[in-house]
>>> print(open('work28.txt').read())   # compact mmCIF, C-alpha atoms and all ligand atoms
# COMPACT_ATOMS: atom_id res chain seq x y z
CA MET A 169 65.63 54.85 214.62
CA HIS A 170 67.99 52.85 212.44
CA ALA A 171 68.58 53.25 208.73
CA MET A 172 67.78 50.08 206.82
CA VAL A 173 70.69 48.53 204.94
CA ILE A 174 69.96 45.94 202.29
CA GLN A 175 73.04 43.73 202.43
CA HIS A 176 72.14 41.15 199.85
CA LEU A 177 68.86 40.39 198.24
CA PRO A 178 67.30 36.97 198.60
CA GLY A 179 66.51 34.85 195.56
CA LYS A 180 63.11 35.83 194.25
CA LEU A 181 63.37 39.43 195.37
CA MET A 182 66.61 39.73 193.40
CA ASP A 183 65.82 43.02 191.72
CA GLY A 184 65.08 44.46 195.13
CA GLU A 185 62.22 46.64 194.02
CA ILE A 186 59.50 44.91 196.05
CA LEU A 187 61.68 44.61 199.14
CA ARG A 188 62.81 48.23 198.90
CA ARG A 189 59.21 49.40 198.63
CA ALA A 190 58.25 47.29 201.64
CA ILE A 191 61.03 48.85 203.70
CA GLU A 192 60.08 52.37 202.60
CA ARG A 193 56.52 51.64 203.65
CA ILE A 194 57.58 50.39 207.07
CA ASP A 195 59.50 53.65 207.49
CA GLU A 196 56.53 55.67 206.26
CA LEU A 197 54.11 54.07 208.72
CA GLY A 198 56.77 54.48 211.40
CA ARG A 199 56.53 58.25 210.94
CA ILE A 200 52.74 58.38 211.46
CA SER A 201 52.36 59.05 215.16
CA ASP A 202 50.12 60.82 217.63
CA MET A 203 53.13 61.97 219.63
CA PRO A 204 56.02 64.03 218.24
CA GLY A 205 59.36 62.35 218.90
CA GLU A 206 57.99 58.85 219.48
CA LEU A 207 55.82 56.29 217.71
CA ARG A 208 52.35 55.97 219.20
CA ARG A 209 49.08 54.96 217.57
CA THR A 210 46.17 53.84 219.70
CA PHE A 211 42.62 52.68 218.99
CA LEU A 212 40.79 55.23 216.77
CA SER A 213 43.46 57.89 217.30
CA LYS A 214 44.18 60.38 214.52
CA ALA A 215 47.46 58.69 213.63
CA ASN A 216 45.95 55.23 213.70
CA LEU A 217 43.29 56.30 211.21
CA ALA A 218 45.93 58.02 209.09
CA ALA A 219 47.99 54.82 209.05
CA GLY A 220 44.84 52.94 207.98
CA ALA A 221 44.23 55.44 205.17
CA CYS A 222 47.81 54.99 204.00
CA VAL A 223 47.46 51.20 203.94
CA MET A 224 44.16 51.48 202.03
CA LYS A 225 45.96 53.61 199.44
CA TRP A 226 48.62 50.90 199.00
CA MET A 227 45.95 48.20 198.84
CA GLY A 228 44.14 50.20 196.16
CA GLY A 229 47.42 50.48 194.26
CA LEU A 230 47.52 46.68 194.07
CA GLY A 231 44.04 46.64 192.58
CA MET A 232 42.36 45.55 195.79
CA GLU A 233 38.79 46.47 196.59
CA VAL A 234 39.21 48.65 199.66
CA ALA A 235 36.96 49.33 202.66
CA HIS A 236 37.04 50.12 206.38
CA ASP A 237 34.82 49.32 209.32
CA ALA A 238 33.52 51.67 212.04
CA GLY A 239 36.26 50.48 214.40
CA GLY A 240 39.08 51.71 212.14
CA THR A 241 40.05 48.31 210.74
CA VAL A 242 40.90 48.47 207.03
CA ARG A 243 40.53 45.78 204.38
CA GLY A 244 41.64 45.09 200.85
CA ILE A 245 40.19 42.23 198.82
CA LEU A 246 42.04 40.68 195.93
CA PRO A 247 39.59 38.49 194.02
CA GLY A 248 40.70 35.00 192.99
CA ASN A 249 40.22 33.52 189.55
CA GLY A 250 36.83 32.22 190.66
CA HIS A 251 37.65 28.54 191.23
CA THR A 252 36.92 28.83 194.93
CA SER A 253 35.14 31.49 196.96
CA ARG A 254 36.64 30.60 200.36
CA ALA A 255 39.15 33.32 201.13
CA ILE A 256 42.50 33.28 202.87
CA ILE A 257 42.54 36.08 205.41
CA ILE A 258 45.87 37.79 206.06
CA GLY A 259 46.28 40.44 208.70
CA SER A 260 48.18 42.25 211.36
CA HIS A 261 47.67 45.44 213.33
CA LEU A 262 48.05 49.16 212.71
CA ASP A 263 48.17 50.27 216.35
CA THR A 264 51.30 50.45 218.46
CA VAL A 265 52.34 50.61 222.09
CA ILE A 266 53.68 53.86 223.57
CA ASP A 267 57.15 54.79 222.25
CA ALA A 268 56.96 51.78 219.98
CA GLY A 269 59.15 50.18 217.38
CA LYS A 270 57.99 50.39 213.78
CA TYR A 271 57.79 46.66 212.95
CA ASP A 272 55.31 45.30 215.50
CA GLY A 273 52.11 45.00 213.45
CA ALA A 274 53.12 47.08 210.43
CA LEU A 275 55.56 44.43 209.19
CA GLY A 276 52.78 41.86 208.78
CA ILE A 277 50.57 44.14 206.71
CA ILE A 278 53.37 45.41 204.51
CA CYS A 279 54.90 41.97 203.93
CA ALA A 280 51.47 40.71 202.85
CA LEU A 281 51.24 43.52 200.28
CA ALA A 282 54.75 42.64 199.11
CA ALA A 283 53.96 38.92 198.88
CA LEU A 284 50.92 39.66 196.70
CA GLU A 285 53.05 41.95 194.56
CA LEU A 286 55.66 39.22 194.20
CA LEU A 287 53.04 36.70 193.06
CA ARG A 288 51.70 39.16 190.53
CA LYS A 289 55.20 39.75 189.22
CA GLU A 290 55.68 36.01 188.83
CA GLY A 291 52.41 35.83 186.91
CA CYS A 292 50.79 33.66 189.60
CA LYS A 293 47.04 34.16 189.77
CA LEU A 294 45.44 32.77 192.93
CA ASP A 295 42.38 30.52 192.75
CA TYR A 296 40.88 32.01 195.87
CA PRO A 297 40.27 35.55 197.15
CA VAL A 298 42.71 37.10 199.59
CA HIS A 299 41.39 39.51 202.22
CA LEU A 300 44.10 41.63 203.79
CA LEU A 301 43.11 43.22 207.12
CA GLY A 302 44.86 46.02 209.00
CA PHE A 303 43.41 45.77 212.51
CA SER A 304 42.87 48.97 214.46
CA ASP A 305 43.81 47.51 217.84
CA GLU A 306 45.90 44.57 218.94
CA GLU A 307 47.93 46.13 221.73
CA GLY A 308 45.02 47.18 223.92
CA VAL A 309 46.74 50.38 225.08
CA ARG A 310 43.65 52.59 225.12
CA PHE A 311 41.21 50.19 226.82
CA GLN A 312 43.67 47.76 228.48
CA SER A 313 41.73 45.22 226.47
CA ALA A 314 43.61 43.74 223.54
CA TYR A 315 42.57 42.61 220.03
CA LEU A 316 39.61 44.97 219.61
CA GLY A 317 40.08 45.07 215.81
CA SER A 318 40.13 41.30 215.32
CA ALA A 319 37.44 40.77 217.97
CA GLY A 320 35.25 43.05 215.84
CA VAL A 321 35.66 41.09 212.62
CA ALA A 322 35.34 37.74 214.43
CA GLY A 323 32.00 38.85 215.90
CA LEU A 324 33.35 38.78 219.45
CA LEU A 325 32.63 42.31 220.62
CA GLY A 326 30.16 41.19 223.29
CA PRO A 327 28.63 43.21 226.14
CA ASP A 328 31.65 42.73 228.43
CA LEU A 329 34.10 44.13 225.89
CA LEU A 330 31.76 46.94 224.81
CA ALA A 331 31.55 48.06 228.45
CA VAL A 332 35.31 48.47 229.01
CA ARG A 333 36.35 52.08 229.66
CA ASP A 334 39.33 54.15 228.55
CA GLU A 335 41.21 56.66 230.73
CA ALA A 336 38.61 59.32 230.00
CA GLY A 337 35.85 57.00 231.24
CA LYS A 338 34.33 56.42 227.79
CA THR A 339 33.07 52.93 227.02
CA LEU A 340 34.11 51.08 223.91
CA ALA A 341 30.45 51.09 222.81
CA GLU A 342 30.38 54.90 223.06
CA VAL A 343 33.57 55.51 221.11
CA LEU A 344 32.50 53.12 218.36
CA LEU A 345 29.46 55.34 217.86
CA THR A 346 31.16 58.70 218.13
CA GLU A 347 34.77 58.39 216.92
CA GLY A 348 36.61 57.27 213.83
CA TRP A 349 35.32 56.95 210.29
CA LYS A 350 31.56 56.70 210.23
CA ALA A 351 30.94 57.55 206.58
CA GLY A 352 31.12 54.52 204.34
CA ALA A 353 31.88 52.13 207.18
CA GLU A 354 31.21 48.48 206.36
CA VAL A 355 30.72 45.54 208.68
CA PHE A 356 33.45 42.92 208.29
CA SER A 357 32.39 39.52 209.39
CA TYR A 358 34.18 36.20 209.02
CA ASP A 359 33.53 32.57 209.73
CA GLU A 360 35.03 29.21 208.81
CA PHE A 361 32.63 28.78 205.91
CA SER A 362 33.66 31.96 204.11
CA SER A 363 37.34 31.64 204.99
CA SER A 364 39.83 28.79 204.90
CA GLY A 365 42.36 30.29 207.29
CA TYR A 366 43.98 33.32 208.89
CA LEU A 367 47.67 33.97 208.25
CA GLU A 368 49.83 36.54 210.00
CA LEU A 369 53.49 37.42 209.72
CA HIS A 370 54.97 39.14 212.78
CA ILE A 371 58.31 39.86 214.37
CA GLU A 372 59.33 37.20 216.87
CA GLN A 373 59.70 39.64 219.79
CA GLY A 374 62.02 37.12 221.44
CA ARG A 375 65.61 35.90 221.09
CA VAL A 376 65.25 32.30 219.96
CA LEU A 377 65.79 32.93 216.25
CA GLU A 378 68.72 35.25 216.80
CA GLU A 379 70.43 32.78 219.10
CA ALA A 380 69.85 29.99 216.57
CA GLY A 381 71.14 32.15 213.70
CA GLU A 382 67.87 31.62 211.80
CA ALA A 383 65.53 34.09 210.12
CA ILE A 384 62.11 32.41 210.20
CA ALA A 385 59.99 30.35 212.57
CA ILE A 386 56.49 28.98 212.26
CA VAL A 387 54.33 29.52 215.30
CA SER A 388 52.91 26.54 217.21
CA GLY A 389 50.61 28.52 219.50
CA ILE A 390 50.02 31.74 221.42
CA ARG A 391 50.37 31.96 225.18
CA GLY A 392 47.29 32.67 227.32
CA GLN A 393 47.03 36.13 228.74
CA ALA A 394 45.10 37.83 231.53
CA ARG A 395 44.83 41.59 231.88
CA LEU A 396 43.56 43.07 235.11
CA ARG A 397 43.10 46.44 236.79
CA VAL A 398 44.04 46.25 240.45
CA THR A 399 43.11 48.98 242.90
CA VAL A 400 44.36 49.36 246.44
CA GLU A 401 42.54 51.85 248.62
CA GLY A 402 43.84 53.29 251.87
CA LEU A 403 43.51 56.62 253.65
CA ALA A 404 45.00 59.94 252.58
CA ASP A 405 46.65 61.72 255.51
CA HIS A 406 49.42 64.16 256.37
CA ALA A 407 52.90 63.00 255.30
CA GLY A 408 54.61 64.97 258.07
CA THR A 409 52.49 64.12 261.07
CA THR A 410 51.12 60.59 260.61
CA PRO A 411 53.31 58.02 262.42
CA MET A 412 54.51 55.17 260.21
CA ASN A 413 52.66 52.51 262.19
CA LEU A 414 49.30 54.31 261.83
CA ARG A 415 49.36 54.76 258.06
CA ARG A 416 47.10 53.07 255.55
CA ASP A 417 49.29 53.87 252.56
CA ALA A 418 47.75 52.57 249.32
CA LEU A 419 50.98 52.87 247.34
CA THR A 420 53.24 50.84 249.65
CA GLY A 421 50.52 48.18 249.81
CA ALA A 422 50.24 48.11 246.02
CA ALA A 423 54.03 47.97 245.70
CA GLU A 424 54.09 44.92 247.99
CA CYS A 425 51.44 43.27 245.80
CA VAL A 426 53.46 43.92 242.63
CA LEU A 427 56.62 42.50 244.20
CA MET A 428 54.63 39.47 245.32
CA ALA A 429 53.40 38.91 241.73
CA GLU A 430 56.96 39.25 240.45
CA GLY A 431 58.21 36.72 243.02
CA LEU A 432 55.53 34.21 242.07
CA ALA A 433 56.36 34.56 238.37
CA ARG A 434 60.09 34.22 239.04
CA GLU A 435 59.65 30.98 240.89
CA SER A 436 57.25 29.43 238.34
CA SER A 437 58.53 28.19 235.02
CA ALA A 438 57.30 30.21 232.02
CA LEU A 439 54.90 32.38 234.04
CA VAL A 440 55.33 36.11 233.39
CA ALA A 441 53.70 38.98 235.27
CA THR A 442 53.97 42.70 234.54
CA ALA A 443 52.55 45.82 236.17
CA GLY A 444 52.82 48.17 233.19
CA THR A 445 50.98 51.21 234.49
CA PHE A 446 50.72 52.72 237.96
CA LYS A 447 48.58 55.63 239.12
CA VAL A 448 48.54 57.20 242.55
CA ARG A 449 45.91 59.53 243.98
CA PRO A 450 45.72 62.19 245.13
CA GLY A 451 49.35 62.41 243.98
CA ALA A 452 51.14 65.03 246.09
CA SER A 453 54.51 64.67 247.77
CA ASN A 454 53.14 65.59 251.21
CA VAL A 455 50.00 63.41 251.12
CA ILE A 456 49.93 59.70 251.98
CA PRO A 457 48.43 57.94 248.91
CA GLN A 458 44.72 57.23 249.21
CA LEU A 459 44.48 55.11 246.06
CA ALA A 460 46.94 53.17 243.95
CA GLU A 461 45.83 51.57 240.71
CA PHE A 462 47.94 49.36 238.47
CA THR A 463 47.46 47.10 235.49
CA LEU A 464 48.56 43.51 235.75
CA ASP A 465 49.38 41.40 232.69
CA VAL A 466 49.91 37.71 233.49
CA ARG A 467 50.67 35.02 230.90
CA HIS A 468 51.33 31.28 230.64
CA MET A 469 51.05 28.66 227.91
CA GLU A 470 48.80 26.40 230.04
CA ASP A 471 45.38 27.77 230.94
CA GLY A 472 45.16 25.75 234.17
CA PHE A 473 48.50 27.06 235.38
CA LEU A 474 47.51 30.63 234.46
CA ASN A 475 44.21 30.36 236.34
CA ASP A 476 45.88 28.84 239.43
CA SER A 477 48.53 31.57 239.42
CA LEU A 478 45.89 34.30 239.18
CA GLU A 479 44.04 32.76 242.10
CA ARG A 480 47.25 32.63 244.17
CA MET A 481 47.97 36.26 243.36
CA ARG A 482 44.45 37.31 244.33
CA ARG A 483 44.70 35.47 247.67
CA ASN A 484 48.12 36.91 248.47
CA PHE A 485 47.10 40.44 247.46
CA THR A 486 44.06 40.12 249.75
CA ALA A 487 46.27 39.05 252.65
CA ILE A 488 48.71 41.93 252.05
CA CYS A 489 45.86 44.45 251.97
CA GLU A 490 44.18 43.04 255.08
CA ARG A 491 47.42 43.23 257.04
CA ARG A 492 47.84 46.88 256.01
CA GLY A 493 44.23 47.96 256.55
CA LEU A 494 43.66 48.47 252.81
CA ARG A 495 40.88 47.51 250.44
CA LEU A 496 41.69 45.47 247.34
CA GLY A 497 39.86 45.79 244.02
CA TRP A 498 40.63 42.85 241.68
CA ASN A 499 39.12 43.56 238.26
CA PRO A 500 39.85 41.21 235.35
CA VAL A 501 39.55 43.21 232.11
CA GLN A 502 40.25 40.43 229.64
CA ILE A 503 41.30 36.80 229.90
CA ASN A 504 42.36 35.05 226.72
CA HIS A 505 43.17 31.38 226.81
CA ALA A 506 46.19 29.89 225.08
CA VAL A 507 45.61 29.17 221.41
CA ASN A 508 47.10 26.44 219.22
CA CYS A 509 47.85 27.21 215.61
CA ASP A 510 46.23 24.93 213.04
CA GLU A 511 48.13 21.67 212.40
CA ARG A 512 47.61 21.79 208.64
CA MET A 513 48.72 25.39 208.34
CA ILE A 514 51.74 24.69 210.56
CA ALA A 515 52.79 21.77 208.34
CA GLU A 516 52.36 23.79 205.14
CA LEU A 517 54.16 26.81 206.56
CA LEU A 518 57.07 24.66 207.79
CA ASP A 519 57.44 23.27 204.25
CA CYS A 520 57.40 26.80 202.84
CA ALA A 521 59.91 28.03 205.42
CA GLU A 522 62.19 25.10 204.57
CA SER A 523 61.96 25.83 200.86
CA VAL A 524 63.05 29.44 201.46
CA THR A 525 65.54 29.12 204.35
CA GLY A 526 66.46 25.43 204.51
CA LYS A 527 65.18 25.32 208.11
CA ARG A 528 62.02 24.09 209.83
CA ARG A 529 61.68 25.81 213.18
CA LEU A 530 58.55 25.69 215.27
CA LEU A 531 58.19 28.24 218.06
CA GLY A 532 55.57 29.18 220.65
CA SER A 533 54.58 32.84 220.96
CA GLY A 534 54.90 34.61 224.28
CA ALA A 535 53.37 37.73 222.78
CA GLY A 536 49.69 38.08 221.99
CA HIS A 537 48.45 38.31 218.41
CA ASP A 538 45.21 38.87 216.51
CA GLY A 539 45.23 35.15 215.76
CA VAL A 540 43.84 34.69 219.29
CA MET A 541 40.53 36.21 218.17
CA MET A 542 40.65 34.88 214.61
CA SER A 543 41.18 31.33 215.94
CA LYS A 544 37.62 31.41 217.28
CA VAL A 545 36.29 31.50 213.72
CA MET A 546 38.90 29.85 211.49
CA PRO A 547 42.24 27.97 211.46
CA VAL A 548 45.21 30.20 212.24
CA GLY A 549 48.85 30.09 211.14
CA MET A 550 51.72 32.48 211.83
CA ILE A 551 55.18 33.24 210.47
CA PHE A 552 57.75 34.78 212.81
CA VAL A 553 60.64 36.87 211.53
CA ARG A 554 63.81 37.34 213.59
CA CYS A 555 64.24 40.74 215.24
CA ARG A 556 67.45 42.14 216.65
CA ALA A 557 68.22 41.02 220.21
CA GLY A 558 64.57 40.00 220.46
CA LEU A 559 63.87 43.60 221.38
CA SER A 560 60.28 44.79 220.90
CA HIS A 561 57.89 47.36 222.38
CA HIS A 562 60.90 49.66 222.19
CA PRO A 563 61.94 52.24 219.55
CA ASP A 564 65.13 50.26 218.81
CA GLU A 565 63.11 47.30 217.52
CA HIS A 566 64.83 46.27 214.29
CA VAL A 567 64.52 43.67 211.53
CA GLU A 568 67.18 43.09 208.88
CA ALA A 569 66.12 43.60 205.28
CA ASP A 570 67.20 40.07 204.31
CA ASP A 571 64.92 38.63 206.96
CA ILE A 572 62.00 40.73 205.78
CA GLY A 573 62.68 39.40 202.29
CA LYS A 574 62.60 35.81 203.55
CA GLY A 575 59.33 36.47 205.40
CA ILE A 576 57.77 37.84 202.19
CA GLU A 577 58.93 34.78 200.28
CA VAL A 578 57.57 32.31 202.83
CA MET A 579 54.20 34.03 202.74
CA ALA A 580 54.14 34.14 198.92
CA GLU A 581 55.09 30.46 198.78
CA PHE A 582 52.26 29.55 201.16
CA LEU A 583 49.73 31.45 199.05
CA LYS A 584 51.01 29.85 195.87
CA ARG A 585 50.88 26.31 197.27
CA ARG A 586 47.30 26.88 198.41
CA ASN A 587 46.27 27.17 194.77
CA ALA A 588 44.17 24.13 193.93
C1 LIG B 601 51.13 42.52 222.28
O1 LIG B 601 52.19 42.81 221.78
C2 LIG B 601 51.09 41.78 223.50
O2 LIG B 601 51.62 40.66 223.53
O3 LIG B 601 50.61 42.30 224.49
MN MN B 602 51.91 42.84 217.57
MN MN B 603 52.94 44.53 220.46
>>> encode(input="work28.txt", output="structure tokens")
Amino acid sequence: MHAMVIQHLPGKLMDGEILRRAIERIDELGRISDMPGELRRTFLSKANLAAGACVMKWMGGLGMEVAHDAGGTVRGILPGNGHTSRAIIIGSHLDTVIDAGKYDGALGIICALAALELLRKEGCKLDYPVHLLGFSDEEGVRFQSAYLGSAGVAGLLGPDLLAVRDEAGKTLAEVLLTEGWKAGAEVFSYDEFSSSGYLELHIEQGRVLEEAGEAIAIVSGIRGQARLRVTVEGLADHAGTTPMNLRRDALTGAAECVLMAEGLARESSALVATAGTFKVRPGASNVIPQLAEFTLDVRHMEDGFLNDSLERMRRNFTAICERRGLRLGWNPVQINHAVNCDERMIAELLDCAESVTGKRRLLGSGAGHDGVMMSKVMPVGMIFVRCRAGLSHHPDEHVEADDIGKGIEVMAEFLKRRNA
């Protein structure tokens, strides 16, 4: 992990205190992990709950009214001066991928705390309440199903999602009843009548800003995403005696499917496909694999193109398996359509970005964000902050202090301009 160097402090954060505290907090959350030697926090894990407790403490320190829900999502409410009751919701996620960087998710929560602190320091009292949410799951590592925290608060945890299973075979419904904080849990529930918009600051996780030499972008929309579990079943047999032409090897069949998906994505503009996990059973060097199971993550900005590509993959996988005497299991876990950010929020955020950085850059998001779920119940806007080499989902993920400062200022400016 890299030490943070504050080279120069941007305008409003001139005394550096708020920015320094934000950076210390990013480091502190970055040390809360379920796995020694790497950063890992998954849905309802010990470290994820500990990170939530830490964020609640910081929210409380700002005078927020603090609570958590049964799914490990935490919330702080800062009341407005009473002129309007419709809240602005700000959020990002507490969970991480495996061997993660410390900015993905955490940055958005901590910058929101810093932006509120900055407004307080400037003596700016907001007309409306702010609800800051730290979602317990955006990455979907435990259940392969993303956005469980924001799906919960948006009222979207339906029967399909509640039935998804983790590695241990437990359903989401079961773990919501048996794990996490039960005592004092509240139900968070949002709609467009109680809330005027959802705002999230996040690292870009791409290279556009770095290549342009710019710190901030405003997000136009979030790419659609399909997550599937694919199984290929063959026949276990002796590795020493079974002739090559008589094998029904599940792993080589699955490998051909993965390469086929890669080829399709390579030849189609802006389609991406990833097999991020692979399991083989029974898993011995002298046994031909009986079963191979992999996850498939496929994304595109256009829903029609994504659906067509999935259908092509399914047809080609079927043909590969038939030719090899294998059985294909094609199991969609979650399909999220592409989401557009709200036009009004985009326009306001671009103005704020310009006032802080002199630039107005609009950018689509290839990564998924909690705004996908929040967009079902309210307008959504996002601020992207440049990250080094676009690297993310990697421990070397890094954001310069100056850029964090600019992100805080853009968010504070947006909140201020929303005052009636
Ligand atoms: C989350 O980072 C995702 O895009 O999967
Ligand atoms: Mn994220
Ligand atoms: Mn992520």
>>> residues_near_ligand(input="work28.txt", ligand="ligand MN 603 (chain B)", cutoff="9 Å", atoms="all atoms listed in the file", output="PDB file with C-alpha atoms, keeping the file's coordinate frame")
ATOM      1  CA  HIS A 261      47.670  45.440 213.330  1.00  0.00           C
ATOM      2  CA  ASP A 263      48.170  50.270 216.350  1.00  0.00           C
ATOM      3  CA  THR A 264      51.300  50.450 218.460  1.00  0.00           C
ATOM      4  CA  VAL A 265      52.340  50.610 222.090  1.00  0.00           C
ATOM      5  CA  ALA A 268      56.960  51.780 219.980  1.00  0.00           C
ATOM      6  CA  GLY A 269      59.150  50.180 217.380  1.00  0.00           C
ATOM      7  CA  ASP A 272      55.310  45.300 215.500  1.00  0.00           C
ATOM      8  CA  GLY A 273      52.110  45.000 213.450  1.00  0.00           C
ATOM      9  CA  GLU A 306      45.900  44.570 218.940  1.00  0.00           C
ATOM     10  CA  GLU A 307      47.930  46.130 221.730  1.00  0.00           C
ATOM     11  CA  GLN A 373      59.700  39.640 219.790  1.00  0.00           C
ATOM     12  CA  ALA A 535      53.370  37.730 222.780  1.00  0.00           C
ATOM     13  CA  GLY A 536      49.690  38.080 221.990  1.00  0.00           C
ATOM     14  CA  HIS A 537      48.450  38.310 218.410  1.00  0.00           C
ATOM     15  CA  SER A 560      60.280  44.790 220.900  1.00  0.00           C
ATOM     16  CA  HIS A 561      57.890  47.360 222.380  1.00  0.00           C
TER      17      HIS A 561
END
>>> residues_around(input="work28.txt", residues="A:Met428", least_positions_apart="5", cutoff="12 Å", atoms="only C-alpha atoms", output="list in words")
Gly421, Ala422, Ala423, Ala433, Arg434, Glu435, Ala441, Thr442, Ala443, Ser477, Leu478, Arg480, Met481, Arg482, Arg483, Asn484, Phe485, Thr486, Ala487 and Ile488 of chain A
>>> closest_residue(input="work28.txt", among="A:Glu206, A:Asp305, A:Asp471, A:Asp195", to="ligand LIG 601 (chain B)", atoms="all atoms listed in the file")
A:Asp305
>>> residues_around(input="work28.txt", residues="stretch 459-462 of chain A", least_positions_apart="5", cutoff="8 Å", atoms="all atoms listed in the file", output="PyMOL selection string")
chain A and resi 397-403+418-419+422+443-450
>>> closest_residue(input="work28.txt", among="A:Lys270, A:Lys289, A:Arg512, A:His251", to="ligand MN 602 (chain B)", atoms="all atoms listed in the file")
A:Lys270
>>> closest_residue(input="work28.txt", among="A:Thr210, A:Ser318, A:Ser437, A:Ser362", to="A:Ile256", atoms="all atoms listed in the file")
A:Ser362
>>> closest_residue(input="work28.txt", among="A:Gly205, A:Pro411, A:Gly539, A:Gly392", to="A:Leu316", atoms="only C-alpha atoms")
A:Gly539
>>> closest_residue(input="work28.txt", among="A:Ser364, A:Thr420, A:Thr346, A:Ser533", to="ligand MN 602 (chain B)", atoms="only C-alpha atoms and all ligand atoms")
A:Ser533
>>> closest_residue(input="work28.txt", among="A:Ala238, A:Leu345, A:Ala438, A:Ile390", to="ligand MN 602 (chain B)", atoms="all atoms listed in the file")
A:Ile390
>>> residues_near_point(input="work28.txt", point="(45.2, 25.7, 217.5)", cutoff="10 Å", atoms="only C-alpha atoms", output="ChimeraX atom specification")
/A:388-390,506-514,539-540,543-544,546-549
>>> residues_around(input="work28.txt", residues="A:Arg586", least_positions_apart="4", cutoff="9 Å", atoms="all atoms listed in the file", output="list in words")
Leu294, Asp295, Tyr296, Glu516, Glu581 and Phe582 of chain A
>>> atom_distance(input="work28.txt", atom1="atom CA of A:Gln312", atom2="atom CA of A:Glu354")
25.4 Å
>>> residues_near_point(input="work28.txt", point="(28.1, 36.0, 218.9)", cutoff="12 Å", atoms="all atoms listed in the file", output="number ranges by chain")
A: 319-327, 357-359, 544-545
>>> write_last_selection(input="work28.txt", atoms="C-alpha atoms", output="tab-separated table (two decimals), keeping the file's coordinate frame")
chain	number	residue	atom	x	y	z
A	319	ALA	CA	37.44	40.77	217.97
A	320	GLY	CA	35.25	43.05	215.84
A	321	VAL	CA	35.66	41.09	212.62
A	322	ALA	CA	35.34	37.74	214.43
A	323	GLY	CA	32.00	38.85	215.90
A	324	LEU	CA	33.35	38.78	219.45
A	325	LEU	CA	32.63	42.31	220.62
A	326	GLY	CA	30.16	41.19	223.29
A	327	PRO	CA	28.63	43.21	226.14
A	357	SER	CA	32.39	39.52	209.39
A	358	TYR	CA	34.18	36.20	209.02
A	359	ASP	CA	33.53	32.57	209.73
A	544	LYS	CA	37.62	31.41	217.28
A	545	VAL	CA	36.29	31.50	213.72
>>> residues_around(input="work28.txt", residues="A:Val567", least_positions_apart="2", cutoff="9 Å", atoms="all atoms listed in the file", output="list in words")
Met172, Tyr271, Ile371, Val553, Arg554, Cys555, Arg556, Glu565, Ala569, Asp570, Asp571 and Ile572 of chain A
